[in-house]
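Just final-v6.pdb here, PDB, C-alpha atoms:
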```pdb
MODEL        1
ATOM      1  CA  HIS A 150       2.200  -3.151  -6.027
ATOM      2  CA  ILE A 151      -0.808  -5.016  -4.697
ATOM      3  CA  SER A 152      -3.077  -3.252  -2.282
ATOM      4  CA  HIS A 153      -3.756  -5.582   0.642
ATOM      5  CA  CYS A 154      -7.482  -4.860   0.519
ATOM      6  CA  SER A 155      -7.633  -6.252  -3.010
ATOM      7  CA  LEU A 156      -5.815  -9.483  -2.177
ATOM      8  CA  TYR A 157      -8.139 -12.440  -1.793
ATOM      9  CA  VAL A 158      -6.700 -15.742  -0.612
ATOM     10  CA  THR A 159      -8.440 -18.972   0.258
ATOM     11  CA  LYS A 160      -7.957 -20.144   3.814
ATOM     12  CA  LYS A 161      -6.625 -23.666   3.185
ATOM     13  CA  PRO A 162      -3.245 -22.769   1.607
ATOM     14  CA  LEU A 163      -2.631 -20.105   4.249
ATOM     15  CA  HIS A 164      -2.814 -22.754   6.972
ATOM     16  CA  GLU A 165      -0.967 -25.411   4.968
ATOM     17  CA  LEU A 166       1.952 -23.067   4.174
ATOM     18  CA  ASN A 167       1.898 -21.253   7.537
ATOM     19  CA  LEU A 168       1.141 -17.915   5.879
ATOM     20  CA  LEU A 169      -0.972 -16.379   8.595
ATOM     21  CA  PHE A 170      -0.820 -12.616   9.108
ATOM     22  CA  ASN A 171       1.922 -11.480  11.503
ATOM     23  CA  ALA A 172      -0.055  -9.510  14.088
ATOM     24  CA  SER A 173       3.133  -8.214  15.749
ATOM     25  CA  LEU A 174       3.610  -5.799  12.830
ATOM     26  CA  THR A 175       1.533  -2.667  13.360
ATOM     27  CA  TYR A 176       2.017  -0.759  10.087
ATOM     28  CA  ASN A 177       3.494  -3.120   7.510
ATOM     29  CA  GLY A 178       1.925  -6.466   8.350
ATOM     30  CA  ASP A 179       0.175  -6.530   4.992
ATOM     31  CA  TYR A 180       3.451  -5.923   3.162
ATOM     32  CA  ASP A 181       5.225  -8.700   5.085
ATOM     33  CA  TRP A 182       2.272 -11.036   4.475
ATOM     34  CA  MET A 183       2.225 -10.407   0.718
ATOM     35  CA  ILE A 184       5.989 -10.967   0.479
ATOM     36  CA  ARG A 185       5.652 -14.295   2.289
ATOM     37  CA  ILE A 186       2.759 -15.320   0.029
ATOM     38  CA  TYR A 187       4.841 -14.490  -3.044
ATOM     39  CA  GLU A 188       7.937 -16.266  -1.706
ATOM     40  CA  SER A 189       5.913 -19.382  -0.870
ATOM     41  CA  GLY A 190       5.274 -20.032  -4.555
ATOM     42  CA  LEU A 191       1.514 -19.912  -4.042
ATOM     43  CA  LYS A 192      -0.137 -19.465  -7.411
ATOM     44  CA  ILE A 193      -1.247 -15.847  -7.846
ATOM     45  CA  GLY A 194      -3.837 -14.786 -10.379
ATOM     46  CA  PHE A 195      -5.190 -11.480 -11.582
ATOM     47  CA  LEU A 196      -8.803 -10.468 -12.146
ATOM     48  CA  ARG A 197      -9.415  -7.604 -14.547
ATOM     49  CA  ARG A 198     -12.213  -6.018 -12.578
ATOM     50  CA  GLU A 199     -12.515  -3.748  -9.594
ATOM     51  CA  LEU A 200     -13.115  -5.622  -6.348
ATOM     52  CA  ALA A 201     -11.888  -3.037  -3.853
ATOM     53  CA  ARG A 202     -10.818   0.583  -3.652
ATOM     54  CA  VAL A 203      -7.985   2.192  -1.751
ATOM     55  CA  ARG A 204      -8.724   5.333   0.176
ATOM     56  CA  LEU A 205      -5.752   7.520   0.983
ATOM     57  CA  HIS A 206      -6.111  10.118   3.710
ATOM     58  CA  THR A 207      -4.097  11.835   6.418
ATOM     59  CA  GLU A 208      -5.858   9.948   9.234
ATOM     60  CA  GLN A 209      -4.529   6.558   8.144
ATOM     61  CA  THR A 210      -2.510   4.840  10.851
ATOM     62  CA  SER A 211       0.556   4.649   8.611
ATOM     63  CA  GLN A 212       0.225   8.364   7.764
ATOM     64  CA  LYS A 213      -0.301   9.504  11.349
ATOM     65  CA  ASN A 214       2.652   7.401  12.486
ATOM     66  CA  ALA A 215       4.852   7.836   9.423
ATOM     67  CA  THR A 216       8.178   7.621  11.279
ATOM     68  CA  ALA A 217       7.285   4.362  13.054
ATOM     69  CA  SER A 218       5.804   3.011   9.813
ATOM     70  CA  ARG A 219       9.017   3.734   7.877
ATOM     71  CA  LEU A 220      11.111   2.072  10.587
ATOM     72  CA  GLU A 221       8.918  -1.019  10.553
ATOM     73  CA  ALA A 222       9.069  -1.106   6.723
ATOM     74  CA  LYS A 223      12.891  -1.038   6.917
ATOM     75  CA  ASN A 224      12.779  -4.014   9.282
ATOM     76  CA  VAL A 225      10.457  -5.958   6.965
ATOM     77  CA  ILE A 226      12.681  -5.142   3.976
ATOM     78  CA  ALA A 227      15.768  -6.325   5.853
ATOM     79  CA  ALA A 228      14.057  -9.493   7.128
ATOM     80  CA  HIS A 229      13.150 -10.511   3.570
ATOM     81  CA  HIS A 230      16.522  -9.425   2.083
ATOM     82  CA  ILE A 231      14.914  -6.962  -0.306
ATOM     83  CA  ASN A 232      17.222  -4.496  -2.014
ATOM     84  CA  ARG A 233      16.401  -1.179  -0.302
ATOM     85  CA  TRP A 234      17.270   0.858  -3.424
ATOM     86  CA  SER A 235      14.877  -1.184  -5.567
ATOM     87  CA  TYR A 236      12.233  -0.884  -2.870
ATOM     88  CA  GLY A 237      12.745   2.888  -2.659
ATOM     89  CA  PHE A 238      12.516   3.307  -6.418
ATOM     90  CA  LEU A 239       9.426   1.128  -6.770
ATOM     91  CA  ASN A 240       7.751   2.726  -3.745
ATOM     92  CA  THR A 241       8.378   6.219  -5.132
ATOM     93  CA  PHE A 242       7.098   5.140  -8.554
ATOM     94  CA  TYR A 243       3.960   3.665  -6.957
ATOM     95  CA  ARG A 244       3.299   6.836  -4.951
ATOM     96  CA  LEU A 245       3.693   8.910  -8.098
ATOM     97  CA  LEU A 246       1.187   6.702  -9.911
ATOM     98  CA  VAL A 247      -1.277   7.024  -7.015
ATOM     99  CA  TYR A 248      -0.840  10.804  -7.012
ATOM    100  CA  VAL A 249      -1.351  10.994 -10.775
ATOM    101  CA  TRP A 250      -4.484   8.865 -10.356
ATOM    102  CA  CYS A 251      -5.822  10.774  -7.306
ATOM    103  CA  VAL A 252      -5.715  14.261  -8.808
ATOM    104  CA  PRO A 253      -8.120  13.546 -11.718
ATOM    105  CA  MET A 254     -10.398  11.553  -9.401
ATOM    106  CA  THR A 255     -10.498  14.456  -6.921
ATOM    107  CA  LEU A 256     -11.103  16.937  -9.737
ATOM    108  CA  LYS A 257     -13.989  14.841 -10.978
ATOM    109  CA  LYS A 258     -15.484  14.456  -7.501
ATOM    110  CA  ASP A 259     -14.848  17.876  -5.913
ATOM    111  CA  GLY A 260     -14.096  20.259  -8.766
ATOM    112  CA  PHE A 261     -11.073  22.387  -9.519
ATOM    113  CA  VAL A 262     -11.223  24.932  -6.649
ATOM    114  CA  SER A 263     -11.738  22.325  -3.894
ATOM    115  CA  THR A 264      -8.935  20.177  -5.290
ATOM    116  CA  ILE A 265      -6.493  23.094  -5.325
ATOM    117  CA  LYS A 266      -7.481  24.089  -1.763
ATOM    118  CA  ARG A 267      -6.963  20.515  -0.540
ATOM    119  CA  ARG A 268      -3.518  20.289  -2.188
ATOM    120  CA  LEU A 269      -2.474  23.647  -0.709
ATOM    121  CA  ARG A 270      -3.565  22.539   2.780
ATOM    122  CA  LYS A 271      -1.502  19.376   2.396
ATOM    123  CA  PHE A 272       1.651  21.352   1.554
ATOM    124  CA  GLN A 273       1.093  23.777   4.457
ATOM    125  CA  ARG A 274       1.379  20.976   7.039
TER     126      ARG A 274
ENDMDL
END
```
Structure re-expressed in structure tokens:
Amino acid sequence: HISHCSLYVTKKPLHELNLLFNASLTYNGDYDWMIRIYESGLKIGFLRRELARVRLHTEQTSQKNATASRLEAKNVIAAHHINRWSYGFLNTFYRLLVYVWCVPMTLKKDGFVSTIKRRLRKFQR
């Protein structure tokens, strides 16, 4: 998984390969864009340093509109002929990794009691 905020692309190949962001997608435009970049054969590199951070919270557009976001993701998956079972497995695995990463970070930042309270509030919704 590549977080869209950590993807840096130079402008020239985006125009040359017609890889501009699809603004008609409200929730999964970044996912569609990254798939098209990958499928284009554009050379992708990896930097072993932190350039951006992902912040997960309940006020995110995709979280507040989860049903519409899931529907749009299904459409993107179908449009790119991605195996939905593979996508589901990898998406679940990614979410598990994020959760495993978030808990220690929250513990470090907020302490044990605040972390437990936050998790309990999340399950009460």
Selection result of the PyMOL selection byres ((chain A and resi 234-242) around 12) on this file, as an MDAnalysis selection string: chainID A and resid 150:151 180 219 222:223 225:227 229:233 243:249
Can you translate the PyMOL selection byres ((chain A and resi 179) around 12) into the concrete residues it hits in this file, as a PDB file with C-alpha atoms, in the frame of the given file?
```pdb
ATOM      1  CA  HIS A 150       2.200  -3.151  -6.027  1.00  0.00           C
ATOM      2  CA  ILE A 151      -0.808  -5.016  -4.697  1.00  0.00           C
ATOM      3  CA  SER A 152      -3.077  -3.252  -2.282  1.00  0.00           C
ATOM      4  CA  HIS A 153      -3.756  -5.582   0.642  1.00  0.00           C
ATOM      5  CA  CYS A 154      -7.482  -4.860   0.519  1.00  0.00           C
ATOM      6  CA  SER A 155      -7.633  -6.252  -3.010  1.00  0.00           C
ATOM      7  CA  LEU A 156      -5.815  -9.483  -2.177  1.00  0.00           C
ATOM      8  CA  LEU A 168       1.141 -17.915   5.879  1.00  0.00           C
ATOM      9  CA  LEU A 169      -0.972 -16.379   8.595  1.00  0.00           C
ATOM     10  CA  PHE A 170      -0.820 -12.616   9.108  1.00  0.00           C
ATOM     11  CA  ASN A 171       1.922 -11.480  11.503  1.00  0.00           C
ATOM     12  CA  ALA A 172      -0.055  -9.510  14.088  1.00  0.00           C
ATOM     13  CA  SER A 173       3.133  -8.214  15.749  1.00  0.00           C
ATOM     14  CA  LEU A 174       3.610  -5.799  12.830  1.00  0.00           C
ATOM     15  CA  THR A 175       1.533  -2.667  13.360  1.00  0.00           C
ATOM     16  CA  TYR A 176       2.017  -0.759  10.087  1.00  0.00           C
ATOM     17  CA  ASN A 177       3.494  -3.120   7.510  1.00  0.00           C
ATOM     18  CA  GLY A 178       1.925  -6.466   8.350  1.00  0.00           C
ATOM     19  CA  TYR A 180       3.451  -5.923   3.162  1.00  0.00           C
ATOM     20  CA  ASP A 181       5.225  -8.700   5.085  1.00  0.00           C
ATOM     21  CA  TRP A 182       2.272 -11.036   4.475  1.00  0.00           C
ATOM     22  CA  MET A 183       2.225 -10.407   0.718  1.00  0.00           C
ATOM     23  CA  ILE A 184       5.989 -10.967   0.479  1.00  0.00           C
ATOM     24  CA  ARG A 185       5.652 -14.295   2.289  1.00  0.00           C
ATOM     25  CA  ILE A 186       2.759 -15.320   0.029  1.00  0.00           C
ATOM     26  CA  SER A 211       0.556   4.649   8.611  1.00  0.00           C
ATOM     27  CA  GLU A 221       8.918  -1.019  10.553  1.00  0.00           C
ATOM     28  CA  ALA A 222       9.069  -1.106   6.723  1.00  0.00           C
ATOM     29  CA  VAL A 225      10.457  -5.958   6.965  1.00  0.00           C
TER      30      VAL A 225
END
```
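If all atoms listed in the file are the atoms counted, then among A:Ala215, A:Arg197, A:Lys192, A:Tyr187 the closest residue to Thr159 (chain A) is A:Lys192.
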Pairwise distance for CA of Val158 (chain A) and CA of Ile193 (chain A), rounded to one decimal in Å: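 That distance, rounded to one decimal, is 9.1 Å.
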For CA of Pro253 (chain A) and CA of Gln212 (chain A), the interatomic separation in Å (one decimal): 21.8 Å
Atomic distance CA of Trp250 (chain A) - CA of Leu220 (chain A), expressed in Å with one decimal: 27.0 Å
Box dimensions and centre (Å, one decimal) enclosing region 201-206 of chain A, axis-aligned, 8 Å extra per side, as AutoDock Vina command-line options:
```
--center_x -8.8 --center_y 3.5 --center_z -0.1 --size_x 22.1 --size_y 29.2 --size_z 23.6
```
Residue with smallest distance to Gly190 (chain A) - pool A:Thr255, A:Leu166, A:Ser263, A:Tyr157, counting all atoms listed in the file: A:Leu166
